[in-house]
file entry.txt (compact mmCIF, C-alpha atoms)
# COMPACT_ATOMS: atom_id res chain seq x y z
CA MET W 765 0.00 0.00 0.00
CA LYS W 766 1.51 3.34 -1.02
CA THR W 767 -0.78 5.59 1.00
CA PRO W 768 1.13 7.41 3.78
CA LEU W 769 0.10 6.41 7.29
CA PHE W 770 0.90 9.73 8.93
CA LEU W 771 -1.09 12.63 7.62
CA LEU W 772 -1.77 14.73 10.69
CA LEU W 773 1.30 16.49 11.98
CA CYS W 774 1.40 19.57 14.15
CA VAL W 775 3.51 22.45 12.94
CA CYS W 776 4.23 24.70 15.90
CA GLU W 777 6.21 27.88 15.98
CA ILE W 778 9.23 27.87 18.28
CA SER W 779 7.44 30.21 20.69
CA GLN W 780 4.51 27.80 20.91
CA ALA W 781 6.72 24.77 21.57
CA ARG W 782 7.51 26.00 25.10
CA GLU W 783 3.79 26.02 25.94
CA VAL W 784 3.16 22.45 24.81
CA SER W 785 3.85 19.12 26.41
CA ILE W 786 2.93 15.62 25.34
CA LYS W 787 1.44 12.71 27.22
CA ASN W 788 3.89 10.38 28.92
CA HIS W 789 3.71 6.61 28.49
CA ARG W 790 1.23 6.12 31.35
CA GLU W 791 -1.04 8.90 30.08
CA ILE W 792 -0.94 7.49 26.55
CA TYR W 793 -1.86 4.00 27.79
CA GLU W 794 -4.63 5.22 30.10
CA SER W 795 -6.00 7.52 27.38
CA MET W 796 -6.15 4.69 24.86
CA LYS W 797 -7.90 2.44 27.37
CA ALA W 798 -10.52 5.12 28.02
CA GLN W 799 -10.87 6.27 24.40
CA MET W 800 -11.36 2.76 23.09
CA SER W 801 -13.29 1.59 26.18
CA VAL W 802 -11.05 -1.48 26.38
CA THR W 803 -9.53 -2.80 29.59
CA PRO W 804 -6.44 -4.94 29.01
CA LYS W 805 -5.89 -7.86 31.36
CA PRO W 806 -2.39 -8.79 32.58
CA GLY W 807 -0.64 -10.85 29.95
CA ASP W 808 -3.15 -10.22 27.15
CA GLU W 809 -2.23 -8.80 23.75
CA LEU W 810 -2.79 -5.14 24.71
CA ALA W 811 -0.89 -5.35 28.00
CA THR W 812 1.98 -7.14 26.24
CA ALA W 813 2.01 -4.57 23.42
CA TYR W 814 2.24 -1.74 25.96
CA GLU W 815 5.05 -3.46 27.87
CA SER W 816 7.00 -3.94 24.63
CA VAL W 817 6.83 -0.26 23.64
CA GLN W 818 6.75 1.44 27.05
CA GLU W 819 10.46 2.28 27.05
CA THR W 820 10.23 4.14 23.73
CA LEU W 821 7.18 6.19 24.71
CA PRO W 822 7.70 9.53 26.49
CA THR W 823 8.73 9.36 30.12
CA LEU W 824 8.47 13.00 31.13
CA GLY W 825 6.11 14.28 28.46
CA THR W 826 8.52 16.80 26.98
CA VAL W 827 8.37 17.81 23.34
CA ASP W 828 11.98 16.60 22.98
CA GLU W 829 10.70 13.04 23.48
CA TYR W 830 8.54 13.28 20.33
CA ASN W 831 10.64 11.41 17.78
CA ALA W 832 10.41 8.68 15.15
CA SER W 833 10.95 5.84 17.62
CA MET W 834 8.24 7.18 19.91
CA LEU W 835 5.88 7.63 16.99
CA TRP W 836 6.36 4.06 15.73
CA SER W 837 5.67 2.74 19.22
CA LEU W 838 2.58 4.90 19.44
CA VAL W 839 1.38 3.59 16.06
CA ARG W 840 1.79 -0.01 17.19
CA LEU W 841 -0.04 0.58 20.46
CA ALA W 842 -2.84 2.60 18.86
CA SER W 843 -3.29 0.01 16.12
CA ASP W 844 -3.66 -2.74 18.71
CA PHE W 845 -6.18 -0.73 20.75
CA CYS W 846 -8.10 0.24 17.62
CA ARG W 847 -8.20 -3.36 16.43
CA ALA W 848 -9.52 -4.47 19.83
CA ARG W 849 -12.30 -1.84 19.78
CA ILE W 850 -13.22 -2.58 16.15
CA THR W 851 -13.36 -6.32 16.88
CA LEU W 852 -15.66 -5.75 19.86
CA ASP W 853 -17.92 -3.43 17.87
CA ALA W 854 -18.05 -5.82 14.90
CA LYS W 855 -19.49 -8.50 17.21
CA ALA W 856 -22.09 -6.17 18.78
CA GLU W 857 -25.42 -4.92 17.51
CA PRO W 858 -25.19 -1.30 16.27
CA ALA W 859 -27.03 0.16 19.27
CA GLN W 860 -24.64 -1.63 21.66
CA ARG W 861 -21.40 -0.43 20.04
CA TRP W 862 -19.00 2.03 21.63
CA LEU W 863 -18.12 3.43 18.20
CA HIS W 864 -18.99 2.43 14.64
CA LYS W 865 -22.76 2.57 15.18
CA MET W 866 -23.31 3.40 11.47
CA VAL W 867 -20.86 0.81 10.07
CA SER W 868 -22.01 -2.38 8.40
CA PHE W 869 -19.14 -4.74 9.15
CA SER W 870 -20.33 -7.28 6.57
CA LYS W 871 -20.02 -4.86 3.66
CA ALA W 872 -17.11 -3.55 1.60
CA PRO W 873 -15.05 -0.50 2.64
CA SER W 874 -16.84 1.58 0.01
CA PHE W 875 -19.96 1.37 2.21
CA VAL W 876 -18.26 2.77 5.33
CA PRO W 877 -19.73 6.20 6.19
CA ALA W 878 -16.28 7.78 6.35
CA LYS W 879 -17.45 11.27 7.34
CA ASP W 880 -19.35 9.90 10.34
CA VAL W 881 -16.50 7.61 11.37
CA ILE W 882 -13.96 10.45 11.09
CA GLN W 883 -16.06 12.75 13.25
CA ASP W 884 -16.59 9.98 15.82
CA TYR W 885 -12.84 9.37 15.97
CA ALA W 886 -12.18 13.12 16.27
CA GLN W 887 -14.50 13.29 19.27
CA VAL W 888 -12.90 10.24 20.88
CA PHE W 889 -9.25 11.12 20.29
CA TRP W 890 -9.27 14.92 20.16
CA GLN W 891 -12.33 15.67 22.32
CA ARG W 892 -13.55 17.99 19.60
CA THR W 893 -15.07 18.01 16.15
CA GLY W 894 -12.55 17.87 13.35
CA THR W 895 -12.10 21.05 11.37
CA GLU W 896 -13.26 21.16 7.76
CA LYS W 897 -9.63 21.00 6.59
CA GLU W 898 -8.82 18.03 8.84
CA ALA W 899 -11.96 16.21 7.73
CA LYS W 900 -11.17 16.76 4.04
CA GLU W 901 -7.59 15.48 4.43
CA ILE W 902 -8.67 12.38 6.31
CA GLU W 903 -11.53 11.76 3.89
CA ALA W 904 -9.05 11.93 0.99
CA PHE W 905 -6.81 9.46 2.85
CA SER W 906 -9.86 7.21 3.38
CA GLU W 907 -10.85 7.39 -0.28
CA GLY W 908 -7.34 6.36 -1.31
CA LEU W 909 -7.44 3.40 1.04
CA VAL W 910 -10.89 2.33 -0.17
CA MET W 911 -9.52 2.14 -3.73
CA GLU W 912 -6.57 -0.03 -2.62
CA LEU W 913 -8.28 -2.34 -0.14
CA PRO W 914 -10.17 -5.49 -1.08
CA GLN W 915 -13.90 -4.83 -1.30
CA THR W 916 -14.67 -7.33 1.44
CA ALA W 917 -15.59 -7.29 5.12
CA ALA W 918 -11.88 -7.75 5.88
CA GLY W 919 -11.18 -4.61 3.83
CA THR W 920 -13.67 -2.72 6.01
CA LEU W 921 -11.82 -3.82 9.15
CA SER W 922 -8.53 -2.70 7.60
CA LEU W 923 -9.97 0.68 6.62
CA LEU W 924 -11.36 1.31 10.10
CA ASN W 925 -8.11 0.26 11.76
CA ALA W 926 -6.08 2.56 9.51
CA LEU W 927 -8.38 5.55 10.14
CA CYS W 928 -8.50 4.89 13.87
CA THR W 929 -4.72 4.49 14.09
CA VAL W 930 -3.98 7.62 12.07
CA MET W 931 -6.30 9.73 14.18
CA GLY W 932 -5.21 8.11 17.44
CA THR W 933 -1.55 8.84 16.73
CA SER W 934 -1.95 12.38 15.46
CA THR W 935 -0.28 15.08 17.49
CA ALA W 936 -3.73 16.35 18.43
CA SER W 937 -4.22 13.14 20.40
CA VAL W 938 -0.92 13.28 22.34
CA ILE W 939 -0.41 17.00 22.96
CA ILE W 940 -1.34 18.52 26.29
CA ASN W 941 -1.86 22.28 26.15
call {"tool": "encode", "arguments": {"input": "entry.txt", "output": "structure tokens"}}
result
Amino acid sequence: MKTPLFLLLCVCEISQAREVSIKNHREIYESMKAQMSVTPKPGDELATAYESVQETLPTLGTVDEYNASMLWSLVRLASDFCRARITLDAKAEPAQRWLHKMVSFSKAPSFVPAKDVIQDYAQVFWQRTGTEKEAKEIEAFSEGLVMELPQTAAGTLSLLNALCTVMGTSTASVIIN
């Protein structure tokens, strides 16, 4: 797949950088648990994933700790949490889902209501509605993925996991103002 995974990056002026901090590894883990409404159990896949990346996630929450290694660890952890939430929602009736209430998990990715999903993820990860510009960029990313993914239920799961991971690893989800 040639579509870039990271499309939401924060560009801050030097003067703004002093006013910003990022979540440390504990805050990232606790946020993901709450945002995805998933509680890892000791030794399960999510707990193990966190333990394997914990050392590369921020310790103090300083902007200096935001680097490629940290970002890859964040992507792995977010992808695992997203996959867990998507799997739970796929098994539940729409009214009982935490997210994805409008998604038909048995249909192809082209049937995913991307605008609704993107706004739901924005609320969950950013605690706000996405701006028009953010929504358009993520929708374009989604459209590119839809064209590349198999038009199967598995393709829908892949699309949702990619969108969830991208939005869950954006700087808007890890910055503390």
call {"tool": "residues_around", "arguments": {"input": "entry.txt", "residues": "stretch 890-900 of chain W", "least_positions_apart": "4", "cutoff": "6 Å", "atoms": "all atoms listed in the file", "output": "list of chain:residue names"}}
result
W:Ala886, W:Ala936, W:Ser937
call {"tool": "closest_residue", "arguments": {"input": "entry.txt", "among": "W:Met931, W:Met800, W:Val876, W:Ile786", "to": "W:Val910", "atoms": "all atoms listed in the file"}}
result
W:Val876
call {"tool": "closest_residue", "arguments": {"input": "entry.txt", "among": "W:Val839, W:Phe889, W:Ser785, W:Phe875", "to": "W:Ala798", "atoms": "all atoms listed in the file"}}
result
W:Phe889
call {"tool": "residues_around", "arguments": {"input": "entry.txt", "residues": "W:Leu838", "least_positions_apart": "5", "cutoff": "8 Å", "atoms": "all atoms listed in the file", "output": "list in words"}}
result
Val817, Leu821 and Thr933 of chain W
call {"tool": "closest_atom_pairs", "arguments": {"input": "entry.txt", "of": "stretch 850-903 of chain W", "to": "stretch 912-920 of chain W", "cutoff": "8 Å", "atoms": "all atoms listed in the file", "output": "Markdown table"}}
result
| residue | atom | partner | partner_atom | distance |
| --- | --- | --- | --- | --- |
| W:Phe869 | CA | W:Ala917 | CA | 5.9 |
| W:Ser870 | CA | W:Ala917 | CA | 5.0 |
| W:Lys871 | CA | W:Ala917 | CA | 5.3 |
| W:Ala872 | CA | W:Thr916 | CA | 4.5 |
| W:Pro873 | CA | W:Thr920 | CA | 4.3 |
| W:Ser874 | CA | W:Gln915 | CA | 7.2 |
| W:Val876 | CA | W:Thr920 | CA | 7.2 |
call {"tool": "closest_residue", "arguments": {"input": "entry.txt", "among": "W:Leu909, W:Leu841, W:Val827, W:Ile940", "to": "W:Tyr793", "atoms": "all atoms listed in the file"}}
result
W:Leu841
call {"tool": "atom_distance", "arguments": {"input": "entry.txt", "atom1": "atom CA of W:Glu907", "atom2": "atom CA of W:Arg847"}}
result
20.0 Å
